[in-house]
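So this one's coords.pdb, PDB, C-alpha atoms, pLDDT in the B column:
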```pdb
ATOM      1  CA  MET A   1     223.420  50.400 107.637  1.00 37.00           C
ATOM      2  CA  THR A   2     226.491  49.643 109.717  1.00 47.00           C
ATOM      3  CA  GLN A   3     228.643  52.631 110.562  1.00 57.00           C
ATOM      4  CA  THR A   4     232.031  51.538 109.320  1.00 83.00           C
ATOM      5  CA  ASN A   5     234.981  53.758 110.030  1.00 92.00           C
ATOM      6  CA  ARG A   6     237.001  52.546 107.008  1.00 95.00           C
ATOM      7  CA  VAL A   7     237.316  54.571 103.810  1.00 97.00           C
ATOM      8  CA  ASP A   8     239.612  54.495 100.819  1.00 94.00           C
ATOM      9  CA  ALA A   9     240.288  58.202 100.201  1.00 98.00           C
ATOM     10  CA  LEU A  10     240.721  61.513 102.021  1.00 98.00           C
ATOM     11  CA  ILE A  11     239.541  64.886 100.744  1.00 98.00           C
ATOM     12  CA  VAL A  12     241.109  67.864 102.534  1.00 98.00           C
ATOM     13  CA  VAL A  13     238.910  70.905 101.823  1.00 98.00           C
ATOM     14  CA  ASP A  14     240.458  74.394 101.658  1.00 98.00           C
ATOM     15  CA  VAL A  15     242.996  73.955 104.459  1.00 98.00           C
ATOM     16  CA  GLN A  16     244.781  77.096 103.352  1.00 98.00           C
ATOM     17  CA  GLN A  17     246.946  79.521 105.309  1.00 98.00           C
ATOM     18  CA  ALA A  18     244.263  82.251 105.439  1.00 96.00           C
ATOM     19  CA  PHE A  19     241.793  79.996 107.227  1.00 98.00           C
ATOM     20  CA  VAL A  20     243.953  78.025 109.666  1.00 98.00           C
ATOM     21  CA  SER A  21     246.836  80.280 110.670  1.00 96.00           C
ATOM     22  CA  GLY A  22     247.301  83.792 111.968  1.00 91.00           C
ATOM     23  CA  ALA A  23     244.830  86.226 113.464  1.00 89.00           C
ATOM     24  CA  GLU A  24     242.058  85.380 110.970  1.00 92.00           C
ATOM     25  CA  ALA A  25     242.151  81.603 111.520  1.00 97.00           C
ATOM     26  CA  VAL A  26     238.997  79.712 112.429  1.00 97.00           C
ATOM     27  CA  PRO A  27     238.479  79.265 116.184  1.00 96.00           C
ATOM     28  CA  ALA A  28     240.350  76.261 117.625  1.00 95.00           C
ATOM     29  CA  SER A  29     242.540  76.081 114.517  1.00 97.00           C
ATOM     30  CA  GLU A  30     245.378  74.338 116.388  1.00 97.00           C
ATOM     31  CA  GLN A  31     243.094  71.432 117.335  1.00 97.00           C
ATOM     32  CA  LEU A  32     241.699  71.345 113.782  1.00 98.00           C
ATOM     33  CA  ILE A  33     245.196  71.145 112.271  1.00 98.00           C
ATOM     34  CA  ALA A  34     246.170  68.365 114.692  1.00 98.00           C
ATOM     35  CA  SER A  35     243.092  66.314 113.751  1.00 98.00           C
ATOM     36  CA  ILE A  36     243.618  66.795 110.029  1.00 98.00           C
ATOM     37  CA  ALA A  37     247.279  65.809 110.439  1.00 98.00           C
ATOM     38  CA  VAL A  38     246.112  62.531 112.007  1.00 98.00           C
ATOM     39  CA  LEU A  39     243.901  61.842 108.982  1.00 98.00           C
ATOM     40  CA  ILE A  40     246.636  62.674 106.482  1.00 98.00           C
ATOM     41  CA  ASP A  41     249.164  60.489 108.315  1.00 98.00           C
ATOM     42  CA  LYS A  42     246.728  57.561 108.437  1.00 98.00           C
ATOM     43  CA  ALA A  43     245.813  57.915 104.757  1.00 98.00           C
ATOM     44  CA  ARG A  44     249.463  58.074 103.722  1.00 98.00           C
ATOM     45  CA  ALA A  45     250.350  55.050 105.849  1.00 97.00           C
ATOM     46  CA  ALA A  46     247.626  53.062 104.073  1.00 97.00           C
ATOM     47  CA  ASN A  47     248.643  54.335 100.601  1.00 96.00           C
ATOM     48  CA  ALA A  48     245.119  55.741 100.324  1.00 97.00           C
ATOM     49  CA  ALA A  49     244.321  58.568  97.940  1.00 97.00           C
ATOM     50  CA  VAL A  50     244.825  62.053  99.414  1.00 98.00           C
ATOM     51  CA  ILE A  51     243.204  64.921  97.527  1.00 98.00           C
ATOM     52  CA  PHE A  52     243.610  68.543  98.548  1.00 98.00           C
ATOM     53  CA  LEU A  53     240.964  71.022  97.411  1.00 98.00           C
ATOM     54  CA  GLN A  54     242.312  74.570  97.101  1.00 98.00           C
ATOM     55  CA  ASN A  55     239.878  77.454  96.801  1.00 98.00           C
ATOM     56  CA  ASP A  56     240.643  80.272  94.380  1.00 97.00           C
ATOM     57  CA  GLY A  57     239.137  83.327  96.037  1.00 96.00           C
ATOM     58  CA  GLU A  58     238.343  86.568  94.274  1.00 96.00           C
ATOM     59  CA  ALA A  59     240.852  89.425  93.981  1.00 96.00           C
ATOM     60  CA  GLY A  60     241.407  90.908  97.429  1.00 95.00           C
ATOM     61  CA  ALA A  61     239.969  87.860  99.265  1.00 95.00           C
ATOM     62  CA  PRO A  62     242.092  86.137 101.917  1.00 95.00           C
ATOM     63  CA  ASP A  63     242.438  83.148  99.553  1.00 96.00           C
ATOM     64  CA  GLU A  64     243.239  85.113  96.400  1.00 96.00           C
ATOM     65  CA  PRO A  65     245.367  82.835  94.163  1.00 97.00           C
ATOM     66  CA  HIS A  66     249.129  83.064  94.512  1.00 97.00           C
ATOM     67  CA  GLN A  67     248.950  85.096  97.734  1.00 96.00           C
ATOM     68  CA  THR A  68     250.173  83.861 101.122  1.00 96.00           C
ATOM     69  CA  GLY A  69     246.672  83.078 102.421  1.00 96.00           C
ATOM     70  CA  TRP A  70     245.922  80.933  99.349  1.00 97.00           C
ATOM     71  CA  GLU A  71     248.802  78.511  99.998  1.00 98.00           C
ATOM     72  CA  LEU A  72     247.950  75.056 101.326  1.00 98.00           C
ATOM     73  CA  PHE A  73     248.807  74.534 104.994  1.00 98.00           C
ATOM     74  CA  PHE A  74     249.903  70.913 104.461  1.00 98.00           C
ATOM     75  CA  ALA A  75     252.403  70.130 101.720  1.00 98.00           C
ATOM     76  CA  PRO A  76     251.047  67.518  99.306  1.00 98.00           C
ATOM     77  CA  GLN A  77     253.294  64.557  98.518  1.00 97.00           C
ATOM     78  CA  PRO A  78     254.258  63.963  94.856  1.00 94.00           C
ATOM     79  CA  ASN A  79     251.667  61.170  94.475  1.00 94.00           C
ATOM     80  CA  GLU A  80     248.820  63.254  95.938  1.00 97.00           C
ATOM     81  CA  TYR A  81     246.385  65.530  94.152  1.00 98.00           C
ATOM     82  CA  VAL A  82     245.658  69.244  94.351  1.00 98.00           C
ATOM     83  CA  VAL A  83     242.345  70.277  92.813  1.00 98.00           C
ATOM     84  CA  ARG A  84     241.779  73.997  92.460  1.00 98.00           C
ATOM     85  CA  LYS A  85     238.199  75.202  92.675  1.00 98.00           C
ATOM     86  CA  SER A  86     236.209  78.416  92.672  1.00 97.00           C
ATOM     87  CA  GLU A  87     232.849  77.103  93.916  1.00 97.00           C
ATOM     88  CA  ASP A  88     231.832  75.686  97.313  1.00 98.00           C
ATOM     89  CA  ASN A  89     231.187  72.230  95.830  1.00 98.00           C
ATOM     90  CA  GLY A  90     234.555  70.609  95.134  1.00 98.00           C
ATOM     91  CA  PHE A  91     233.065  68.654  92.226  1.00 98.00           C
ATOM     92  CA  ASP A  92     231.730  71.739  90.423  1.00 97.00           C
ATOM     93  CA  GLY A  93     233.910  72.514  87.406  1.00 96.00           C
ATOM     94  CA  THR A  94     236.895  70.492  88.646  1.00 98.00           C
ATOM     95  CA  SER A  95     238.661  67.193  87.966  1.00 98.00           C
ATOM     96  CA  LEU A  96     237.628  65.697  91.340  1.00 98.00           C
ATOM     97  CA  GLN A  97     235.084  63.247  89.901  1.00 98.00           C
ATOM     98  CA  HIS A  98     237.575  62.086  87.257  1.00 98.00           C
ATOM     99  CA  ILE A  99     240.282  61.487  89.883  1.00 97.00           C
ATOM    100  CA  LEU A 100     237.934  59.496  92.124  1.00 98.00           C
ATOM    101  CA  ASP A 101     236.764  57.431  89.128  1.00 97.00           C
ATOM    102  CA  GLU A 102     240.330  56.720  88.006  1.00 96.00           C
ATOM    103  CA  LEU A 103     241.256  55.591  91.520  1.00 95.00           C
ATOM    104  CA  GLU A 104     238.071  53.521  91.851  1.00 95.00           C
ATOM    105  CA  VAL A 105     237.199  55.289  95.099  1.00 96.00           C
ATOM    106  CA  ARG A 106     233.922  54.234  96.713  1.00 96.00           C
ATOM    107  CA  SER A 107     234.220  55.772 100.178  1.00 97.00           C
ATOM    108  CA  LEU A 108     235.895  58.856 101.540  1.00 96.00           C
ATOM    109  CA  ALA A 109     236.573  60.953 104.577  1.00 98.00           C
ATOM    110  CA  ILE A 110     236.152  64.698 104.238  1.00 98.00           C
ATOM    111  CA  CYS A 111     237.806  67.296 106.467  1.00 98.00           C
ATOM    112  CA  GLY A 112     238.640  70.992 106.334  1.00 98.00           C
ATOM    113  CA  VAL A 113     236.940  74.388 106.240  1.00 98.00           C
ATOM    114  CA  LEU A 114     234.396  75.939 106.220  1.00 97.00           C
ATOM    115  CA  SER A 115     231.928  73.458 107.702  1.00 98.00           C
ATOM    116  CA  GLU A 116     228.693  74.996 106.423  1.00 97.00           C
ATOM    117  CA  MET A 117     230.088  76.034 103.054  1.00 97.00           C
ATOM    118  CA  CYS A 118     232.735  74.078 101.133  1.00 98.00           C
ATOM    119  CA  VAL A 119     232.879  71.046 103.449  1.00 98.00           C
ATOM    120  CA  ALA A 120     229.082  70.586 103.470  1.00 98.00           C
ATOM    121  CA  ALA A 121     228.696  71.322  99.740  1.00 98.00           C
ATOM    122  CA  THR A 122     231.405  68.809  98.803  1.00 98.00           C
ATOM    123  CA  ALA A 123     230.030  66.176 101.203  1.00 98.00           C
ATOM    124  CA  ARG A 124     226.502  66.680  99.879  1.00 98.00           C
ATOM    125  CA  ALA A 125     227.712  66.329  96.273  1.00 98.00           C
ATOM    126  CA  ALA A 126     229.689  63.180  97.142  1.00 98.00           C
ATOM    127  CA  LEU A 127     226.623  61.635  98.781  1.00 97.00           C
ATOM    128  CA  ALA A 128     224.507  62.488  95.722  1.00 97.00           C
ATOM    129  CA  ARG A 129     227.085  60.716  93.544  1.00 97.00           C
ATOM    130  CA  GLY A 130     226.785  57.549  95.615  1.00 97.00           C
ATOM    131  CA  TYR A 131     229.950  57.751  97.701  1.00 97.00           C
ATOM    132  CA  ALA A 132     229.969  56.607 101.309  1.00 97.00           C
ATOM    133  CA  VAL A 133     231.068  59.724 103.197  1.00 98.00           C
ATOM    134  CA  LEU A 134     232.593  59.945 106.666  1.00 97.00           C
ATOM    135  CA  LEU A 135     232.971  63.262 108.475  1.00 98.00           C
ATOM    136  CA  PRO A 136     235.107  63.371 111.636  1.00 98.00           C
ATOM    137  CA  HIS A 137     233.635  66.036 113.937  1.00 97.00           C
ATOM    138  CA  ASP A 138     237.016  67.327 115.133  1.00 98.00           C
ATOM    139  CA  ALA A 139     238.440  67.667 111.603  1.00 98.00           C
ATOM    140  CA  HIS A 140     236.218  70.420 110.184  1.00 98.00           C
ATOM    141  CA  ALA A 141     235.583  73.948 111.400  1.00 98.00           C
ATOM    142  CA  THR A 142     234.108  77.328 110.614  1.00 98.00           C
ATOM    143  CA  TYR A 143     233.883  80.857 111.985  1.00 97.00           C
ATOM    144  CA  ASP A 144     231.393  82.266 114.474  1.00 96.00           C
ATOM    145  CA  VAL A 145     228.171  83.279 112.709  1.00 95.00           C
ATOM    146  CA  PRO A 146     227.414  86.926 113.455  1.00 94.00           C
ATOM    147  CA  ALA A 147     224.043  87.993 114.778  1.00 95.00           C
ATOM    148  CA  GLY A 148     221.434  88.649 112.132  1.00 94.00           C
ATOM    149  CA  PRO A 149     218.086  90.400 112.087  1.00 95.00           C
ATOM    150  CA  GLY A 150     216.129  88.954 115.004  1.00 94.00           C
ATOM    151  CA  SER A 151     218.835  86.410 115.907  1.00 94.00           C
ATOM    152  CA  GLU A 152     221.839  86.102 118.157  1.00 95.00           C
ATOM    153  CA  ALA A 153     225.347  85.164 117.091  1.00 96.00           C
ATOM    154  CA  VAL A 154     226.116  81.457 116.777  1.00 95.00           C
ATOM    155  CA  PRO A 155     229.467  80.153 118.105  1.00 97.00           C
ATOM    156  CA  ALA A 156     231.640  78.397 115.532  1.00 97.00           C
ATOM    157  CA  ALA A 157     231.384  74.987 117.236  1.00 96.00           C
ATOM    158  CA  MET A 158     227.577  75.116 117.093  1.00 96.00           C
ATOM    159  CA  ALA A 159     227.639  76.244 113.454  1.00 96.00           C
ATOM    160  CA  ALA A 160     229.917  73.305 112.590  1.00 96.00           C
ATOM    161  CA  ARG A 161     227.574  70.864 114.331  1.00 96.00           C
ATOM    162  CA  ALA A 162     224.562  72.342 112.526  1.00 95.00           C
ATOM    163  CA  ALA A 163     226.414  71.840 109.225  1.00 96.00           C
ATOM    164  CA  GLU A 164     226.862  68.139 110.083  1.00 96.00           C
ATOM    165  CA  TRP A 165     223.210  67.772 110.963  1.00 95.00           C
ATOM    166  CA  SER A 166     222.133  69.436 107.707  1.00 96.00           C
ATOM    167  CA  LEU A 167     223.775  66.630 105.716  1.00 96.00           C
ATOM    168  CA  GLY A 168     221.101  64.156 106.789  1.00 93.00           C
ATOM    169  CA  ASP A 169     221.150  60.499 107.723  1.00 93.00           C
ATOM    170  CA  GLU A 170     223.452  59.232 104.957  1.00 93.00           C
ATOM    171  CA  ILE A 171     226.570  60.962 106.278  1.00 95.00           C
ATOM    172  CA  ARG A 172     228.648  59.018 108.791  1.00 96.00           C
ATOM    173  CA  ILE A 173     229.860  61.251 111.603  1.00 96.00           C
ATOM    174  CA  PHE A 174     232.536  60.185 114.057  1.00 96.00           C
ATOM    175  CA  ALA A 175     233.708  62.197 117.043  1.00 96.00           C
ATOM    176  CA  THR A 176     237.410  62.204 116.248  1.00 97.00           C
ATOM    177  CA  ALA A 177     239.911  61.675 113.456  1.00 98.00           C
ATOM    178  CA  ASP A 178     241.422  58.921 115.605  1.00 97.00           C
ATOM    179  CA  GLU A 179     238.338  56.793 114.870  1.00 97.00           C
ATOM    180  CA  VAL A 180     238.868  56.915 111.087  1.00 97.00           C
ATOM    181  CA  ASP A 181     240.775  54.171 109.291  1.00 97.00           C
ATOM    182  CA  PHE A 182     241.781  53.864 105.664  1.00 97.00           C
ATOM    183  CA  ILE A 183     241.589  50.745 103.541  1.00 95.00           C
ATOM    184  CA  GLN A 184     245.125  49.589 102.827  1.00 92.00           C
ATOM    185  CA  ARG A 185     246.103  49.818  99.168  1.00 86.00           C
ATOM    186  CA  SER A 186     249.100  47.981  97.866  1.00 78.00           C
ATOM    187  CA  VAL A 187     251.626  50.179  96.105  1.00 64.00           C
ATOM    188  CA  CYS A 188     251.357  48.171  92.852  1.00 49.00           C
ATOM    189  CA  ASN A 189     247.611  48.822  92.446  1.00 45.00           C
ATOM    190  CA  ARG A 190     247.773  52.339  93.689  1.00 44.00           C
ATOM    191  CA  TRP A 191     247.349  54.657  90.732  1.00 44.00           C
TER     192      TRP A 191
END
```
Before anything else, please render the file you have as structure tokens.
Amino acid sequence: MTQTNRVDALIVVDVQQAFVSGAEAVPASEQLIASIAVLIDKARAANAAVIFLQNDGEAGAPDEPHQTGWELFFAPQPNEYVVRKSEDNGFDGTSLQHILDELEVRSLAICGVLSEMCVAATARAALARGYAVLLPHDAHATYDVPAGPGSEAVPAAMAARAAEWSLGDEIRIFATADEVDFIQRSVCNRW
């Protein structure tokens, strides 16, 4: 299978204030935000679908609904989608599948946080549904994994790479967001 870098939609997973800004942000959050901004700009320039997943955390969680940490970091445009979710898998109990079907999406790029949780679960579900999935390495991130019984701590960058590897051979991984392109959609057939 040829590794094409062209997709027709972008899913931005849980890029919310609590995870990418302030003292509790994921490590290297400034680089992460810059890479995701590249993807969003490219998708918008191509009139590609942009879908923001927004996690509804439990009461008291950093991403508790309608609290500062819950707010999306990037402002969606009027023709873009916001899909609220409460599970790691962005398809679980949401309208995501319906939106992708309506837009006739066949391939997508996924970016966001947290690599081993919501990003991986959504990518895995997309692959299982037959979508071609591209994951730019510099456009997803997580936290350091603390030491556990009989194990040492794992730095965030290594945890993110392990999350990529766990997705298997079907996922397409590119080093940077700069390598991703979006299939141009004309405005009249957009949605």
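Proximity to A:Ala28 was assessed for A:Asp144, A:Glu170, A:Asp181, A:Glu152 counting only C-alpha atoms; the smallest distance is recorded for A:Asp144.
Of the residues under consideration (A:Val83, A:Ala59, A:Ile33, A:Phe174), A:Val83 shows the shortest atom-to-atom contact distance to A:Ser95 when counting only C-alpha atoms.
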Q) Could you write out as a PyMOL selection string the residues that the PyMOL selection byres ((chain A and resi 65) around 12) matches in the shown file? A) chain A and resi 16-18+54-64+66-72+84-86
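Taking atom CA of A:Pro146 and atom CA of A:Ala125 as the two end points, the separation is 26.8 Å.
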Q: Could you tell me which of A:Ser166, A:Phe73, A:Leu114, A:Ala175 comes closest to A:Ser21 if we count all atoms listed in the file?
A: A:Phe73
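Picked out by the PyMOL selection byres ((chain A and resi 4) around 12) when it runs on this file: Met1, Thr2, Gln3, Asn5, Arg6, Val7, Asp8, Ser107, Leu108, Ala109, Ala132, Val133, Leu134, Leu135, Ile171, Arg172, Ile173, Phe174, Glu179, Val180, Asp181, Phe182 and Ile183 of chain A.
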Suppose we keep C-alpha atoms; can you now write the selection as a PDB file, in the coordinates of the input?
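Once everything was written out, this is result-v2.pdb:
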```
ATOM      1  CA  MET A   1     223.420  50.400 107.637  1.00 37.00           C
ATOM      2  CA  THR A   2     226.491  49.643 109.717  1.00 47.00           C
ATOM      3  CA  GLN A   3     228.643  52.631 110.562  1.00 57.00           C
ATOM      4  CA  ASN A   5     234.981  53.758 110.030  1.00 92.00           C
ATOM      5  CA  ARG A   6     237.001  52.546 107.008  1.00 95.00           C
ATOM      6  CA  VAL A   7     237.316  54.571 103.810  1.00 97.00           C
ATOM      7  CA  ASP A   8     239.612  54.495 100.819  1.00 94.00           C
ATOM      8  CA  SER A 107     234.220  55.772 100.178  1.00 97.00           C
ATOM      9  CA  LEU A 108     235.895  58.856 101.540  1.00 96.00           C
ATOM     10  CA  ALA A 109     236.573  60.953 104.577  1.00 98.00           C
ATOM     11  CA  ALA A 132     229.969  56.607 101.309  1.00 97.00           C
ATOM     12  CA  VAL A 133     231.068  59.724 103.197  1.00 98.00           C
ATOM     13  CA  LEU A 134     232.593  59.945 106.666  1.00 97.00           C
ATOM     14  CA  LEU A 135     232.971  63.262 108.475  1.00 98.00           C
ATOM     15  CA  ILE A 171     226.570  60.962 106.278  1.00 95.00           C
ATOM     16  CA  ARG A 172     228.648  59.018 108.791  1.00 96.00           C
ATOM     17  CA  ILE A 173     229.860  61.251 111.603  1.00 96.00           C
ATOM     18  CA  PHE A 174     232.536  60.185 114.057  1.00 96.00           C
ATOM     19  CA  GLU A 179     238.338  56.793 114.870  1.00 97.00           C
ATOM     20  CA  VAL A 180     238.868  56.915 111.087  1.00 97.00           C
ATOM     21  CA  ASP A 181     240.775  54.171 109.291  1.00 97.00           C
ATOM     22  CA  PHE A 182     241.781  53.864 105.664  1.00 97.00           C
ATOM     23  CA  ILE A 183     241.589  50.745 103.541  1.00 95.00           C
TER      24      ILE A 183
END
```
If the box runs along x, y and z of the file and leaves 6 Å on each side of stretch 161-177 of chain A, what are its centre and edge lengths in Å, one decimal, as JSON?
```
{"center_x": 230.5, "center_y": 65.7, "center_z": 111.0, "size_x": 30.8, "size_y": 25.3, "size_z": 24.1}
```
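Distance annotation: of A:Cys118, A:Ala141, A:Ile99, A:Ala48, the residue with the minimal separation from A:Gln31 is A:Ala141; atom set is all atoms listed in the file.
With distances taken over all atoms listed in the file, A:Arg185 is the one residue among A:Val145, A:Ala37, A:Ala153, A:Arg185 lying closest to A:Ala9.
Proximity of A:Ala128, A:Leu32, A:Ala157, A:Ala163 to A:Val20, computed with all atoms listed in the file, is greatest for A:Leu32.
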Q: Enter the distance from atom CA of A:Ala160 to atom CA of A:Ser115, in Å, rounded to one decimal.
A: 5.3 Å
Take the PyMOL selection byres ((chain A and resi 117) around 12), apply it to the structure above, and return the hits as a PDB file with C-alpha atoms, keeping the file's coordinate frame.
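Output (out-v1.pdb):
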```
ATOM      1  CA  VAL A  13     238.910  70.905 101.823  1.00 98.00           C
ATOM      2  CA  ASP A  14     240.458  74.394 101.658  1.00 98.00           C
ATOM      3  CA  ASN A  55     239.878  77.454  96.801  1.00 98.00           C
ATOM      4  CA  GLU A  87     232.849  77.103  93.916  1.00 97.00           C
ATOM      5  CA  ASP A  88     231.832  75.686  97.313  1.00 98.00           C
ATOM      6  CA  ASN A  89     231.187  72.230  95.830  1.00 98.00           C
ATOM      7  CA  GLY A  90     234.555  70.609  95.134  1.00 98.00           C
ATOM      8  CA  GLY A 112     238.640  70.992 106.334  1.00 98.00           C
ATOM      9  CA  VAL A 113     236.940  74.388 106.240  1.00 98.00           C
ATOM     10  CA  LEU A 114     234.396  75.939 106.220  1.00 97.00           C
ATOM     11  CA  SER A 115     231.928  73.458 107.702  1.00 98.00           C
ATOM     12  CA  GLU A 116     228.693  74.996 106.423  1.00 97.00           C
ATOM     13  CA  CYS A 118     232.735  74.078 101.133  1.00 98.00           C
ATOM     14  CA  VAL A 119     232.879  71.046 103.449  1.00 98.00           C
ATOM     15  CA  ALA A 120     229.082  70.586 103.470  1.00 98.00           C
ATOM     16  CA  ALA A 121     228.696  71.322  99.740  1.00 98.00           C
ATOM     17  CA  THR A 122     231.405  68.809  98.803  1.00 98.00           C
ATOM     18  CA  ALA A 123     230.030  66.176 101.203  1.00 98.00           C
ATOM     19  CA  ARG A 124     226.502  66.680  99.879  1.00 98.00           C
ATOM     20  CA  HIS A 140     236.218  70.420 110.184  1.00 98.00           C
ATOM     21  CA  ALA A 141     235.583  73.948 111.400  1.00 98.00           C
ATOM     22  CA  THR A 142     234.108  77.328 110.614  1.00 98.00           C
ATOM     23  CA  TYR A 143     233.883  80.857 111.985  1.00 97.00           C
ATOM     24  CA  ALA A 159     227.639  76.244 113.454  1.00 96.00           C
ATOM     25  CA  ALA A 160     229.917  73.305 112.590  1.00 96.00           C
ATOM     26  CA  ALA A 162     224.562  72.342 112.526  1.00 95.00           C
ATOM     27  CA  ALA A 163     226.414  71.840 109.225  1.00 96.00           C
ATOM     28  CA  GLU A 164     226.862  68.139 110.083  1.00 96.00           C
ATOM     29  CA  SER A 166     222.133  69.436 107.707  1.00 96.00           C
ATOM     30  CA  LEU A 167     223.775  66.630 105.716  1.00 96.00           C
TER      31      LEU A 167
END
```
